[in-house]
>>> print(open('my_file21.csv').read())   # CSV, C-alpha atoms
chain,number,residue,atom,x,y,z
A,14,MET,CA,32.6,14.8,-16.7
A,15,ASN,CA,31.7,17.4,-14.1
A,16,ALA,CA,33.2,20.8,-14.9
A,17,PHE,CA,35.3,22.3,-12.2
A,18,VAL,CA,34.0,25.7,-11.0
A,19,PRO,CA,37.0,27.8,-9.8
A,20,ASP,CA,36.5,30.1,-6.9
A,21,SER,CA,39.8,30.5,-5.0
A,22,ALA,CA,43.5,30.0,-5.2
A,23,ASP,CA,43.2,27.1,-2.8
A,24,SER,CA,40.6,25.4,-5.1
A,25,VAL,CA,43.1,25.8,-8.0
A,26,ARG,CA,45.7,24.0,-5.9
A,27,ALA,CA,43.3,21.3,-5.1
A,28,LEU,CA,42.5,20.8,-8.8
A,29,GLY,CA,46.1,20.7,-9.6
A,30,GLN,CA,46.8,18.1,-7.0
A,31,ARG,CA,43.9,15.9,-8.3
A,32,LEU,CA,45.1,16.2,-12.0
A,33,SER,CA,48.8,16.0,-11.2
A,34,ASN,CA,51.1,13.8,-13.2
A,35,TRP,CA,53.9,14.1,-10.7
A,36,GLY,CA,55.5,10.6,-10.5
A,37,ARG,CA,53.3,9.2,-13.3
A,38,TRP,CA,56.3,8.6,-15.5
A,39,GLY,CA,58.9,8.2,-12.7
A,40,PRO,CA,60.7,10.6,-10.4
A,41,ASP,CA,63.2,11.8,-13.0
A,42,ASP,CA,60.7,12.6,-15.7
A,43,GLU,CA,61.1,15.8,-17.7
A,44,LEU,CA,58.8,15.1,-20.7
A,45,GLY,CA,55.5,15.4,-18.9
A,46,THR,CA,52.5,14.7,-21.1
A,47,LEU,CA,54.8,14.3,-24.1
A,48,ASN,CA,55.3,10.8,-22.8
A,49,LEU,CA,51.9,10.1,-24.4
A,50,VAL,CA,53.5,10.6,-27.8
A,51,THR,CA,54.9,7.2,-28.8
A,52,ALA,CA,56.3,5.6,-31.9
A,53,ASP,CA,52.9,4.2,-32.5
A,54,THR,CA,51.0,7.5,-32.2
A,55,VAL,CA,53.5,9.2,-34.5
A,56,ARG,CA,53.2,6.4,-37.1
A,57,ASP,CA,49.4,6.5,-36.9
A,58,ALA,CA,49.6,10.3,-37.2
A,59,ALA,CA,51.2,10.0,-40.6
A,60,ALA,CA,48.0,8.4,-41.9
A,61,ALA,CA,46.3,11.8,-41.5
A,62,VAL,CA,48.4,13.0,-44.5
A,63,ARG,CA,46.0,12.7,-47.5
A,64,HIS,CA,46.7,15.7,-49.7
A,65,GLY,CA,50.4,16.6,-49.1
A,66,LEU,CA,49.2,20.1,-48.2
A,67,ARG,CA,51.6,22.0,-45.9
A,68,ILE,CA,50.3,24.9,-43.8
A,69,SER,CA,52.4,27.3,-41.7
A,70,CYS,CA,51.1,28.1,-38.2
A,71,CYS,CA,53.7,30.8,-37.4
A,72,ILE,CA,53.3,34.6,-37.3
A,73,PRO,CA,56.0,36.7,-39.0
A,74,VAL,CA,59.2,37.1,-36.9
A,75,ASP,CA,59.7,40.9,-36.9
A,76,ASP,CA,59.3,43.9,-34.6
A,77,ALA,CA,55.9,44.8,-36.0
A,78,GLY,CA,54.4,41.8,-34.1
A,79,PRO,CA,52.4,41.6,-30.9
A,80,PHE,CA,55.3,42.7,-28.7
A,81,GLY,CA,56.4,45.5,-31.0
A,82,ALA,CA,57.8,48.7,-29.6
A,83,ARG,CA,54.6,50.6,-30.2
A,84,ILE,CA,52.8,48.3,-27.7
A,85,GLY,CA,55.5,47.8,-25.1
A,86,SER,CA,56.2,44.6,-23.1
A,87,THR,CA,58.8,43.0,-20.9
A,88,ARG,CA,59.3,40.5,-23.7
A,89,GLU,CA,61.8,41.8,-26.2
A,90,PRO,CA,60.3,41.8,-29.7
A,91,PRO,CA,62.3,40.3,-32.5
A,92,ARG,CA,65.1,42.5,-33.8
A,93,HIS,CA,66.7,41.5,-37.1
A,94,VAL,CA,70.1,43.1,-38.0
A,95,MET,CA,72.2,42.6,-41.1
A,96,THR,CA,75.8,42.0,-39.9
A,97,ARG,CA,77.5,41.6,-43.2
A,98,LEU,CA,76.6,42.8,-46.7
A,99,ALA,CA,78.0,41.9,-50.1
A,100,ALA,CA,81.1,43.9,-50.9
A,101,ASP,CA,80.8,46.8,-53.4
A,102,PRO,CA,82.5,46.4,-55.8
A,103,PRO,CA,82.0,42.6,-55.4
A,104,PRO,CA,85.2,40.5,-55.0
A,105,VAL,CA,86.1,38.0,-57.6
A,106,GLY,CA,84.1,34.8,-57.0
A,107,PHE,CA,82.3,34.0,-53.8
A,108,ASP,CA,80.9,36.5,-51.3
A,109,PHE,CA,78.4,36.1,-48.5
A,110,ILE,CA,75.8,37.9,-46.4
A,111,ASP,CA,75.1,37.4,-42.7
A,112,ASP,CA,72.6,38.6,-40.2
A,113,GLU,CA,71.5,38.0,-36.6
A,114,ILE,CA,68.3,38.1,-34.5
A,115,SER,CA,67.6,38.9,-30.9
A,116,MET,CA,64.3,38.3,-29.2
A,117,GLY,CA,62.4,37.1,-26.2
A,118,LEU,CA,61.9,33.4,-26.6
A,119,GLN,CA,58.2,33.9,-26.0
A,120,ALA,CA,57.8,37.0,-28.2
A,121,ALA,CA,56.5,35.3,-31.3
A,122,SER,CA,54.9,31.9,-32.1
A,123,HIS,CA,56.5,29.7,-29.4
A,124,TRP,CA,56.4,26.8,-27.0
A,125,ASP,CA,56.4,27.1,-23.3
A,126,ALA,CA,58.6,24.5,-21.6
A,127,ILE,CA,57.1,22.7,-18.6
A,128,GLY,CA,59.6,24.6,-16.5
A,129,HIS,CA,58.0,27.9,-17.6
A,130,THR,CA,55.5,27.9,-14.7
A,131,THR,CA,56.0,27.6,-11.0
A,132,TYR,CA,54.1,28.2,-7.8
A,133,ASP,CA,54.6,27.5,-4.1
A,134,GLY,CA,58.3,27.1,-4.8
A,135,LYS,CA,57.9,24.0,-7.1
A,136,LEU,CA,58.3,23.1,-10.7
A,137,TYR,CA,56.8,20.1,-12.5
A,138,ASN,CA,57.4,16.7,-10.8
A,139,GLY,CA,58.2,18.3,-7.5
A,140,ARG,CA,61.5,20.0,-8.5
A,141,GLU,CA,62.6,23.0,-6.6
A,142,ALA,CA,61.9,26.4,-8.3
A,143,SER,CA,65.4,27.4,-7.3
A,144,LEU,CA,66.6,25.1,-10.2
A,145,ALA,CA,65.6,28.0,-12.4
A,146,THR,CA,68.8,30.0,-12.3
A,147,LYS,CA,70.3,33.0,-14.0
A,148,ASP,CA,72.1,30.4,-16.2
A,149,GLY,CA,68.8,28.8,-17.2
A,150,LEU,CA,66.5,26.0,-16.1
A,151,MET,CA,68.5,23.1,-14.7
A,152,VAL,CA,65.4,20.8,-15.1
A,153,ASN,CA,62.3,20.7,-17.2
A,154,SER,CA,63.9,22.9,-19.9
A,155,ILE,CA,63.0,23.2,-23.6
A,156,GLU,CA,66.1,21.3,-24.9
A,157,ARG,CA,64.9,18.1,-23.1
A,158,VAL,CA,61.9,17.9,-25.5
A,159,ALA,CA,63.1,19.8,-28.6
A,160,GLY,CA,62.9,16.8,-30.9
A,161,GLN,CA,59.7,15.3,-29.4
A,162,LEU,CA,57.1,17.8,-30.8
A,163,THR,CA,55.7,15.8,-33.7
A,164,GLY,CA,52.5,13.8,-33.9
A,165,ARG,CA,48.8,14.0,-34.6
A,166,GLY,CA,47.4,17.5,-34.5
A,167,VAL,CA,43.6,18.2,-34.1
A,168,LEU,CA,42.1,21.6,-34.8
A,169,LEU,CA,39.2,22.6,-32.5
A,170,ASP,CA,37.8,25.6,-34.3
A,171,VAL,CA,35.9,27.3,-31.5
A,172,ALA,CA,35.5,30.6,-33.4
A,173,ARG,CA,33.8,28.8,-36.3
A,174,LEU,CA,31.6,26.8,-33.9
A,175,LYS,CA,30.3,30.1,-32.5
A,176,GLY,CA,29.9,31.6,-36.0
A,177,VAL,CA,32.4,34.4,-35.5
A,178,ALA,CA,35.8,35.4,-37.0
A,179,CYS,CA,37.1,36.1,-33.5
A,180,LEU,CA,35.8,35.2,-30.1
A,181,PRO,CA,34.8,38.2,-27.8
A,182,ASP,CA,37.3,39.7,-25.3
A,183,SER,CA,37.9,37.5,-22.3
A,184,TYR,CA,35.6,34.7,-23.7
A,185,ALA,CA,36.1,31.5,-21.6
A,186,ILE,CA,36.0,28.4,-23.8
A,187,SER,CA,34.3,25.5,-22.0
A,188,ALA,CA,35.1,21.8,-22.0
A,189,ALA,CA,31.6,21.2,-23.6
A,190,GLU,CA,32.6,23.5,-26.5
A,191,LEU,CA,35.7,21.5,-27.1
A,192,ASP,CA,33.6,18.4,-27.3
A,193,ASP,CA,31.2,20.2,-29.6
A,194,CYS,CA,34.1,21.2,-31.9
A,195,ALA,CA,35.4,17.6,-32.1
A,196,ARG,CA,31.9,16.4,-32.8
A,197,ALA,CA,31.4,18.9,-35.6
A,198,ALA,CA,34.7,18.0,-37.1
A,199,LYS,CA,34.0,14.3,-36.8
A,200,VAL,CA,37.2,13.8,-34.9
A,201,THR,CA,37.7,11.2,-32.2
A,202,MET,CA,40.3,12.4,-29.7
A,203,GLN,CA,43.2,10.0,-29.2
A,204,PRO,CA,45.8,9.8,-26.4
A,205,GLY,CA,48.9,11.7,-27.5
A,206,ASP,CA,47.1,14.3,-29.6
A,207,PHE,CA,48.3,17.8,-30.0
A,208,VAL,CA,45.2,20.1,-29.6
A,209,LEU,CA,45.1,23.4,-31.5
A,210,ALA,CA,42.3,25.6,-30.3
A,211,ARG,CA,41.3,28.5,-32.6
A,212,THR,CA,39.9,31.7,-31.1
A,213,GLY,CA,40.6,34.0,-34.1
A,214,ARG,CA,42.6,36.4,-31.9
A,215,VAL,CA,45.9,36.2,-33.8
A,216,GLY,CA,44.1,36.4,-37.1
A,217,ARG,CA,42.5,39.6,-36.0
A,218,GLY,CA,45.8,41.0,-34.9
A,219,LEU,CA,47.5,40.2,-38.2
A,220,ALA,CA,44.6,41.7,-40.2
A,221,GLU,CA,43.9,44.9,-38.1
A,222,GLY,CA,47.3,45.5,-36.3
A,223,TRP,CA,48.3,44.6,-32.8
A,224,SER,CA,47.0,46.5,-29.8
A,225,SER,CA,47.5,46.2,-26.1
A,226,SER,CA,43.9,44.9,-25.7
A,227,TRP,CA,44.8,41.7,-27.6
A,228,ARG,CA,46.8,40.7,-24.5
A,229,GLN,CA,44.7,42.4,-21.8
A,230,ALA,CA,41.3,40.9,-22.6
A,231,CYS,CA,42.0,37.7,-24.4
A,232,PRO,CA,39.6,34.8,-25.2
A,233,GLY,CA,40.9,31.4,-24.4
A,234,LEU,CA,40.4,28.1,-22.6
A,235,SER,CA,38.6,28.1,-19.2
A,236,LEU,CA,40.3,26.5,-16.2
A,237,ALA,CA,37.5,23.9,-16.5
A,238,CYS,CA,39.2,22.6,-19.6
A,239,ALA,CA,42.0,21.2,-17.5
A,240,GLU,CA,39.8,18.2,-16.7
A,241,TRP,CA,39.1,17.7,-20.4
A,242,LEU,CA,42.8,17.8,-21.3
A,243,LYS,CA,43.6,15.2,-18.6
A,244,GLU,CA,40.6,13.0,-19.5
A,245,HIS,CA,41.7,12.9,-23.2
A,246,ASP,CA,45.4,12.4,-22.5
A,247,VAL,CA,46.3,15.4,-24.6
A,248,ALA,CA,50.1,15.6,-25.2
A,249,ALA,CA,50.2,19.4,-25.6
A,250,VAL,CA,47.9,22.3,-26.4
A,251,ALA,CA,48.4,25.4,-28.6
A,252,ALA,CA,46.2,28.3,-29.5
A,253,ASP,CA,46.1,31.6,-31.5
A,254,ASN,CA,46.2,33.8,-28.4
A,255,ILE,CA,48.7,35.2,-25.9
A,256,GLY,CA,48.6,32.4,-23.3
A,257,ILE,CA,46.1,29.6,-24.1
A,258,GLU,CA,43.7,30.5,-21.3
A,259,THR,CA,41.2,33.3,-21.0
A,260,PHE,CA,42.5,36.5,-19.6
A,261,PRO,CA,42.1,38.2,-17.2
A,262,GLY,CA,42.1,35.0,-15.1
A,263,GLU,CA,38.9,33.5,-13.8
A,264,VAL,CA,40.1,33.0,-10.2
A,265,PRO,CA,40.8,35.8,-7.7
A,266,GLY,CA,44.5,35.8,-6.6
A,267,CYS,CA,45.6,33.6,-9.5
A,268,PHE,CA,47.3,35.3,-12.4
A,269,LEU,CA,47.2,32.3,-14.8
A,270,PRO,CA,45.4,29.4,-13.1
A,271,LEU,CA,45.3,27.1,-16.2
A,272,HIS,CA,49.1,27.5,-16.4
A,273,MET,CA,49.3,26.5,-12.8
A,274,VAL,CA,47.4,23.3,-13.2
A,275,ALA,CA,48.3,22.2,-16.8
A,276,VAL,CA,51.9,23.2,-17.0
A,277,ARG,CA,53.2,23.0,-13.5
A,278,ASP,CA,51.0,20.1,-12.2
A,279,MET,CA,50.2,18.1,-15.3
A,280,GLY,CA,53.5,18.8,-17.2
A,281,MET,CA,51.8,19.9,-20.4
A,282,MET,CA,53.5,22.3,-22.8
A,283,PHE,CA,51.6,25.3,-24.2
A,284,GLY,CA,52.0,26.6,-27.7
A,285,GLU,CA,51.1,30.3,-27.8
A,286,ILE,CA,50.6,33.0,-30.5
A,287,TRP,CA,50.2,30.4,-33.3
A,288,SER,CA,48.5,31.5,-36.5
A,289,LEU,CA,45.6,29.2,-37.1
A,290,ASP,CA,43.3,31.0,-39.6
A,291,PRO,CA,44.9,29.5,-42.8
A,292,LEU,CA,44.8,26.0,-41.2
A,293,ALA,CA,41.2,26.5,-40.2
A,294,GLN,CA,40.2,27.5,-43.7
A,295,ALA,CA,42.0,24.4,-45.2
A,296,CYS,CA,40.4,22.1,-42.6
A,297,HIS,CA,37.0,23.5,-43.4
A,298,ASP,CA,37.5,23.2,-47.2
A,299,LEU,CA,38.8,19.7,-47.0
A,300,ARG,CA,36.5,18.6,-44.2
A,301,GLN,CA,39.6,17.2,-42.4
A,302,TYR,CA,40.5,18.4,-38.9
A,303,SER,CA,43.3,16.0,-38.0
A,304,PHE,CA,46.7,16.3,-39.5
A,305,PHE,CA,50.4,15.5,-39.1
A,306,LEU,CA,51.9,18.3,-36.9
A,307,VAL,CA,55.7,19.0,-37.1
A,308,ALA,CA,56.6,21.6,-34.5
A,309,PRO,CA,60.1,21.1,-33.1
A,310,ALA,CA,61.6,23.6,-30.7
A,311,LEU,CA,65.0,25.1,-30.8
A,312,ALA,CA,67.3,23.2,-28.4
A,313,VAL,CA,68.0,26.2,-26.2
A,314,THR,CA,70.0,24.9,-23.3
A,315,GLY,CA,68.2,25.8,-20.1
A,316,GLY,CA,65.4,27.6,-22.0
A,317,ALA,CA,62.0,28.2,-20.5
A,318,GLY,CA,60.6,28.3,-24.1
A,319,SER,CA,61.5,28.5,-27.7
A,320,PRO,CA,60.3,30.1,-30.9
A,321,VAL,CA,58.6,27.6,-33.2
A,322,HIS,CA,57.5,27.4,-36.8
A,323,PRO,CA,54.7,24.7,-36.7
A,324,ILE,CA,53.8,23.0,-39.9
A,325,ALA,CA,50.5,21.2,-40.3
A,326,VAL,CA,50.5,18.5,-43.1
A,327,LEU,CA,47.1,17.4,-44.4
>>> encode(input="my_file21.csv", output="structure tokens")
Amino acid sequence: MNAFVPDSADSVRALGQRLSNWGRWGPDDELGTLNLVTADTVRDAAAAVRHGLRISCCIPVDDAGPFGARIGSTREPPRHVMTRLAADPPPVGFDFIDDEISMGLQAASHWDAIGHTTYDGKLYNGREASLATKDGLMVNSIERVAGQLTGRGVLLDVARLKGVACLPDSYAISAAELDDCARAAKVTMQPGDFVLARTGRVGRGLAEGWSSSWRQACPGLSLACAEWLKEHDVAAVAADNIGIETFPGEVPGCFLPLHMVAVRDMGMMFGEIWSLDPLAQACHDLRQYSFFLVAPALAVTGGAGSPVHPIAVL
């Protein structure tokens, strides 16, 4: 496989056209690469459960997270409010306590729907970007796939491969490094896999506190990995960083080129701000890097994304 070397917005468009899945599963498709997750792949994924060990891949949902007020962002951090407390003195018998939460759907561990990314006026599968309205996405929205996000997960621990707790700022992970991770883990990639790429970035944020630099100079996948994702028929990709890909972007004039190609052209969902350090330690200790992943989204009608609490079962 020859790695694509990006150099312009037009070359990103050309790559997207070459890797495009538009029409692959029909003109009305809204699942994208989740079509690669079948009854057979899910059944086979269950065979990865050997120990019954369940590991959370979610960061805490609170206002001290990566979009907290002390950092500032257009994404509203989670705000948790108690709306009803137990009576004092308590009534005879039953009483109850209620609360509520408000947050940006992409302000904690989350999935991006395939309608999350647009360019040149188009969404995945050639739909018009105008179908994203003030009332929500009319197509390619998160509720279309909310119950589909279960299958075989594979951890590609790039940070461990490079011998560091966290990759350096703006480090661009190559396709060859993904292959090296799979080889070191003794994992054979299969169509329909959910790939989890570890950079160490979220682990560092949880340990040291979040700062604006964690978003502004983030390690992640290179645009060259788009070819690898397509070649291996990956169902979805998640990472422990802000947006899967290295940031700032590699291509002049393109804010998030891997989003352009993978989400909008290939129809691949991105899982972002996942916590992968505990999973990485368990995979290393057990020498097992494939697992059963359960990561359903909330069925937010018209949503461009959803918070998620992924569970890896080894």
>>> closest_residue(input="my_file21.csv", among="A:Met95, A:Leu299, A:Ala172, A:Val25", to="Gly266 in chain A", atoms="all atoms listed in the file")
A:Val25
>>> residues_around(input="my_file21.csv", residues="Asp41 in chain A", least_positions_apart="5", cutoff="10 Å", atoms="only C-alpha atoms", output="ChimeraX atom specification")
/A:35-36,138-140,152-153
>>> closest_atom_pairs(input="my_file21.csv", of="range 188-283 of chain A", to="range 116-130 of chain A", cutoff="10 Å", atoms="all atoms listed in the file", output="tab-separated table")
residue	atom	partner	partner_atom	distance
A:Ala249	CA	A:Trp124	CA	9.8
A:Val250	CA	A:Trp124	CA	9.6
A:Ala251	CA	A:Trp124	CA	8.3
A:Ala252	CA	A:Ser122	CA	9.8
A:Asp253	CA	A:Ser122	CA	8.8
A:Asn254	CA	A:Ser122	CA	9.6
A:Ile255	CA	A:Ser122	CA	9.4
A:Gly256	CA	A:Asp125	CA	9.4
A:Leu269	CA	A:Thr130	CA	9.4
A:His272	CA	A:Thr130	CA	6.6
A:Met273	CA	A:Thr130	CA	6.6
A:Val274	CA	A:Thr130	CA	9.4
A:Ala275	CA	A:Ile127	CA	9.0
A:Val276	CA	A:Ile127	CA	5.5
A:Arg277	CA	A:Thr130	CA	5.5
A:Asp278	CA	A:Ile127	CA	9.2
A:Met279	CA	A:Ile127	CA	8.9
A:Gly280	CA	A:Ile127	CA	5.5
A:Met281	CA	A:Ile127	CA	6.3
A:Met282	CA	A:Ile127	CA	5.5
A:Phe283	CA	A:Asp125	CA	5.2
>>> residues_around(input="my_file21.csv", residues="Leu234 in chain A", least_positions_apart="3", cutoff="12 Å", atoms="all atoms listed in the file", output="short mmCIF file (atom, residue, chain, number, x, y, z; two decimals) with C-alpha atoms, in the frame of the given file")
data_model
loop_
_atom_site.label_atom_id
_atom_site.label_comp_id
_atom_site.auth_asym_id
_atom_site.auth_seq_id
_atom_site.Cartn_x
_atom_site.Cartn_y
_atom_site.Cartn_z
CA LEU A 169 39.20 22.60 -32.50
CA VAL A 171 35.90 27.30 -31.50
CA LEU A 180 35.80 35.20 -30.10
CA SER A 183 37.90 37.50 -22.30
CA TYR A 184 35.60 34.70 -23.70
CA ALA A 185 36.10 31.50 -21.60
CA ILE A 186 36.00 28.40 -23.80
CA SER A 187 34.30 25.50 -22.00
CA ALA A 188 35.10 21.80 -22.00
CA ALA A 189 31.60 21.20 -23.60
CA GLU A 190 32.60 23.50 -26.50
CA LEU A 191 35.70 21.50 -27.10
CA VAL A 208 45.20 20.10 -29.60
CA LEU A 209 45.10 23.40 -31.50
CA ALA A 210 42.30 25.60 -30.30
CA ARG A 211 41.30 28.50 -32.60
CA THR A 212 39.90 31.70 -31.10
CA CYS A 231 42.00 37.70 -24.40
CA ALA A 237 37.50 23.90 -16.50
CA CYS A 238 39.20 22.60 -19.60
CA ALA A 239 42.00 21.20 -17.50
CA GLU A 240 39.80 18.20 -16.70
CA TRP A 241 39.10 17.70 -20.40
CA LEU A 242 42.80 17.80 -21.30
CA VAL A 250 47.90 22.30 -26.40
CA ALA A 251 48.40 25.40 -28.60
CA ALA A 252 46.20 28.30 -29.50
CA ASP A 253 46.10 31.60 -31.50
CA ASN A 254 46.20 33.80 -28.40
CA ILE A 255 48.70 35.20 -25.90
CA GLY A 256 48.60 32.40 -23.30
CA ILE A 257 46.10 29.60 -24.10
CA GLU A 258 43.70 30.50 -21.30
CA THR A 259 41.20 33.30 -21.00
CA PHE A 260 42.50 36.50 -19.60
CA PRO A 261 42.10 38.20 -17.20
CA GLY A 262 42.10 35.00 -15.10
CA GLU A 263 38.90 33.50 -13.80
CA LEU A 269 47.20 32.30 -14.80
CA PRO A 270 45.40 29.40 -13.10
CA LEU A 271 45.30 27.10 -16.20
CA HIS A 272 49.10 27.50 -16.40
CA ALA A 275 48.30 22.20 -16.80
CA PHE A 283 51.60 25.30 -24.20
#
>>> residues_around(input="my_file21.csv", residues="Asp246 in chain A", least_positions_apart="3", cutoff="10 Å", atoms="only C-alpha atoms", output="compact mmCIF listing (two decimals) with C-alpha atoms, keeping the file's coordinate frame")
# COMPACT_ATOMS: atom_id res chain seq x y z
CA THR A 46 52.50 14.70 -21.10
CA LEU A 47 54.80 14.30 -24.10
CA LEU A 49 51.90 10.10 -24.40
CA VAL A 50 53.50 10.60 -27.80
CA MET A 202 40.30 12.40 -29.70
CA GLN A 203 43.20 10.00 -29.20
CA PRO A 204 45.80 9.80 -26.40
CA GLY A 205 48.90 11.70 -27.50
CA ASP A 206 47.10 14.30 -29.60
CA PHE A 207 48.30 17.80 -30.00
CA GLU A 240 39.80 18.20 -16.70
CA TRP A 241 39.10 17.70 -20.40
CA LEU A 242 42.80 17.80 -21.30
CA LYS A 243 43.60 15.20 -18.60
CA ALA A 249 50.20 19.40 -25.60
>>> decode(input="my_file21.csv", residues="range 68-92 of chain A", atoms="N, CA and C atoms", output="compact mmCIF listing (two decimals), in the first residue's frame")
# COMPACT_ATOMS: atom_id res chain seq x y z
N ILE A 68 -14.07 -3.29 31.03
CA ILE A 68 -13.26 -2.10 31.22
C ILE A 68 -13.95 -0.90 30.59
N SER A 69 -14.13 0.14 31.39
CA SER A 69 -14.73 1.38 30.90
C SER A 69 -13.72 2.17 30.07
N CYS A 70 -14.21 2.77 29.00
CA CYS A 70 -13.38 3.62 28.15
C CYS A 70 -13.94 5.04 28.09
N CYS A 71 -14.57 5.47 29.16
CA CYS A 71 -15.25 6.77 29.21
C CYS A 71 -14.57 7.68 30.22
N ILE A 72 -14.42 8.95 29.88
CA ILE A 72 -13.94 9.92 30.87
C ILE A 72 -15.11 10.33 31.76
N PRO A 73 -14.83 10.88 32.96
CA PRO A 73 -15.93 11.35 33.82
C PRO A 73 -16.75 12.43 33.11
N VAL A 74 -18.06 12.40 33.34
CA VAL A 74 -18.96 13.39 32.75
C VAL A 74 -19.18 14.49 33.79
N ASP A 75 -18.36 15.53 33.74
CA ASP A 75 -18.48 16.64 34.68
C ASP A 75 -17.83 17.88 34.07
N ASP A 76 -17.97 19.00 34.76
CA ASP A 76 -17.48 20.26 34.20
C ASP A 76 -16.00 20.50 34.48
N ALA A 77 -15.31 19.49 35.00
CA ALA A 77 -13.87 19.58 35.18
C ALA A 77 -13.12 18.92 34.03
N GLY A 78 -13.85 18.51 32.98
CA GLY A 78 -13.26 17.79 31.87
C GLY A 78 -12.59 18.68 30.85
N PRO A 79 -12.32 18.14 29.67
CA PRO A 79 -11.53 18.86 28.66
C PRO A 79 -12.18 20.11 28.11
N PHE A 80 -13.48 20.28 28.31
CA PHE A 80 -14.17 21.49 27.86
C PHE A 80 -14.69 22.31 29.04
N GLY A 81 -14.03 22.16 30.19
CA GLY A 81 -14.44 22.89 31.37
C GLY A 81 -14.31 24.39 31.22
N ALA A 82 -14.94 25.13 32.11
CA ALA A 82 -15.00 26.58 32.00
C ALA A 82 -13.62 27.23 32.05
N ARG A 83 -12.67 26.58 32.73
CA ARG A 83 -11.37 27.21 32.85
C ARG A 83 -10.56 27.12 31.55
N ILE A 84 -11.06 26.35 30.59
CA ILE A 84 -10.39 26.26 29.30
C ILE A 84 -11.14 27.07 28.25
N GLY A 85 -12.44 26.94 28.24
CA GLY A 85 -13.25 27.69 27.29
C GLY A 85 -13.37 26.95 25.96
N SER A 86 -14.57 26.90 25.42
CA SER A 86 -14.81 26.21 24.15
C SER A 86 -16.21 26.55 23.68
N THR A 87 -16.45 26.33 22.39
CA THR A 87 -17.82 26.48 21.88
C THR A 87 -18.68 25.31 22.31
N ARG A 88 -18.09 24.22 22.75
CA ARG A 88 -18.84 23.06 23.22
C ARG A 88 -19.14 23.23 24.71
N GLU A 89 -20.42 23.15 25.04
CA GLU A 89 -20.82 23.34 26.44
C GLU A 89 -20.37 22.15 27.27
N PRO A 90 -19.58 22.37 28.32
CA PRO A 90 -19.18 21.26 29.18
C PRO A 90 -20.38 20.71 29.93
N PRO A 91 -20.30 19.47 30.39
CA PRO A 91 -21.42 18.90 31.14
C PRO A 91 -21.73 19.70 32.39
N ARG A 92 -23.01 19.99 32.60
CA ARG A 92 -23.48 20.68 33.80
C ARG A 92 -24.53 19.80 34.47
